[in-house]
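Peer 1: I am attaching a structure below and will ask some questions about it afterwards.
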Amino acid sequence: MADIKGLRINEQIRVREVRLIDEDGEKNEVRIMSTHEALELAKSRDLDLVEVSPNANPPVCKILNFGKYRYEQEKRLRDSRKNQKALKIKEIRMQPKIGSGDLDTKAKHVQEFLDEGDKVKVTIRFRGRELAHTELGYDVLKEVEKRLREGSYTIEKAPAMEGRFMSMSLASKVK
């Protein structure tokens with residue numbers, strides 16, 4: 001939709017001459033002519049003159065039915081959106097003084113999210129004096145990493161402090 005709105009048609013084209021492509025899109029029908037002549041040619045066929053490549057020298061214009069062209073472009077855009085999968089980032093939060101059993105559970109959840117193809121952000125929250133011992137949070141993140149299946153993930157962002165939080169991001173290798 002964004003590339004359709006930027007197109008200039010008919011009288012909006014303000015250059016002296018254009019490179020014209022016929023409505024069939026034939027390469028042998030490409031010729032350079034004045035904008036006025038190209039516009040007259042388009043009107044004689046009850047079609048529109050559409051600037052498809054404004055940055056070329058001279059700009060490339062096509063003779064076509066603009067309503068039909070816009071509909072096809074929007075349809076193509078909708079179809080491309082349909083095929084995209086929305087990427088989800090899941091977050092697992094814990095504290096530096098987490099117990100071994102809880103850590104196993106959290107690591108299992110991280111592994112499940114990675115198996116589903118989601119990205120995971122593992123976050124350690126520090127409270128009060130815990131901030132003086134950030135190495136404990138780093139150790140917890142490394143322990144989570146050890147408990148994950150080998151080769152099922154990649155580290156997108158290594159453990160780093162962000163205010164009162166330390167976090168790392170993991171992404172699934174399996175698609």
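Labeling convention for the structure tokens: chains A, B, ... as they appear, residues from 1 per chain, ligands from 1 in order of appearance.
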From a DSSP pass on the backbone, collect the residues of chain A flagged as alpha helix (DSSP H) and hand them back as a PyMOL selection string.
Peer 2: chain A and resi 2-5+35-44+66-82+100-115+134-147
Peer 1: Which polymer residues have any atom within 10 Å of an atom of A:Asp104, counting only C-alpha atoms, with same-chain residues fewer than 5 positions away left out, as a list in words?
Peer 2: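 In the requested format, the answer is Gly99, His109, Val110, Glu143, Val144, Arg147 and Leu148 of chain A.
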Peer 1: Compile the contact shell of stretch 115-122 of chain A as a list of chain:residue names: residues with an atom at most 7 Å away, counting only C-alpha atoms, same-chain residues fewer than 4 positions apart removed.
Peer 2: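 Counting only the stated atoms, we get A:Leu87, A:Lys88, A:Ile89, A:Lys90, A:Glu91, A:Ile92, A:Arg93, A:Val110, A:Gln111, A:Ser167, A:Met168, A:Ser169, A:Leu170, A:Ala171, A:Ser172, A:Val174, A:Lys175.
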Peer 1: Any idea what's packed within 10 Å of A:Lys146, counting only C-alpha atoms, ignoring anything in its chain fewer than 5 positions away? Could you give it as a CSV table (one decimal) with N, CA and C atoms, in the first residue's frame?
Peer 2:
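What landed in part-v8.csv:
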```csv
chain,number,residue,atom,x,y,z
A,107,ALA,N,13.9,-23.6,33.0
A,107,ALA,CA,14.7,-24.1,31.8
A,107,ALA,C,13.8,-24.9,30.9
A,140,VAL,N,23.3,-17.7,37.1
A,140,VAL,CA,22.0,-18.3,36.9
A,140,VAL,C,21.7,-18.4,35.4
A,141,LEU,N,22.0,-17.4,34.6
A,141,LEU,CA,21.8,-17.4,33.2
A,141,LEU,C,22.6,-18.4,32.5
```
Peer 1: Leaving out A:Gln12 and any residue of its chain fewer than 4 positions from it, which residues lie within 10 Å of it when counting only C-alpha atoms, given as a list of chain:residue names?
Peer 2: A:Leu7, A:Arg8, A:Leu49, A:Val50, A:Glu51
Peer 1: Just write the chosen residues, C-alpha atoms, as a CSV table (one decimal), in the first residue's frame.
Peer 2:
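Final output, again_31.csv:
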```csv
chain,number,residue,atom,x,y,z
A,7,LEU,CA,2.9,6.8,-7.5
A,8,ARG,CA,2.1,9.8,-9.7
A,49,LEU,CA,-0.2,7.1,-17.5
A,50,VAL,CA,1.5,5.8,-14.3
A,51,GLU,CA,5.0,6.7,-13.1
```
Peer 1: Any idea what the distance is between atom CA of A:Gly151 and atom CA of A:Leu114?
Peer 2: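 Computing the Euclidean distance for atom CA of A:Gly151 and atom CA of A:Leu114 yields 11.1 Å.
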Peer 1: Skip A:Gly67 itself and residues of its chain fewer than 3 positions away, then list as a ChimeraX atom specification all residues within 12 Å of it, counting only C-alpha atoms.
Peer 2: /A:4,9,47-50,64,70-74
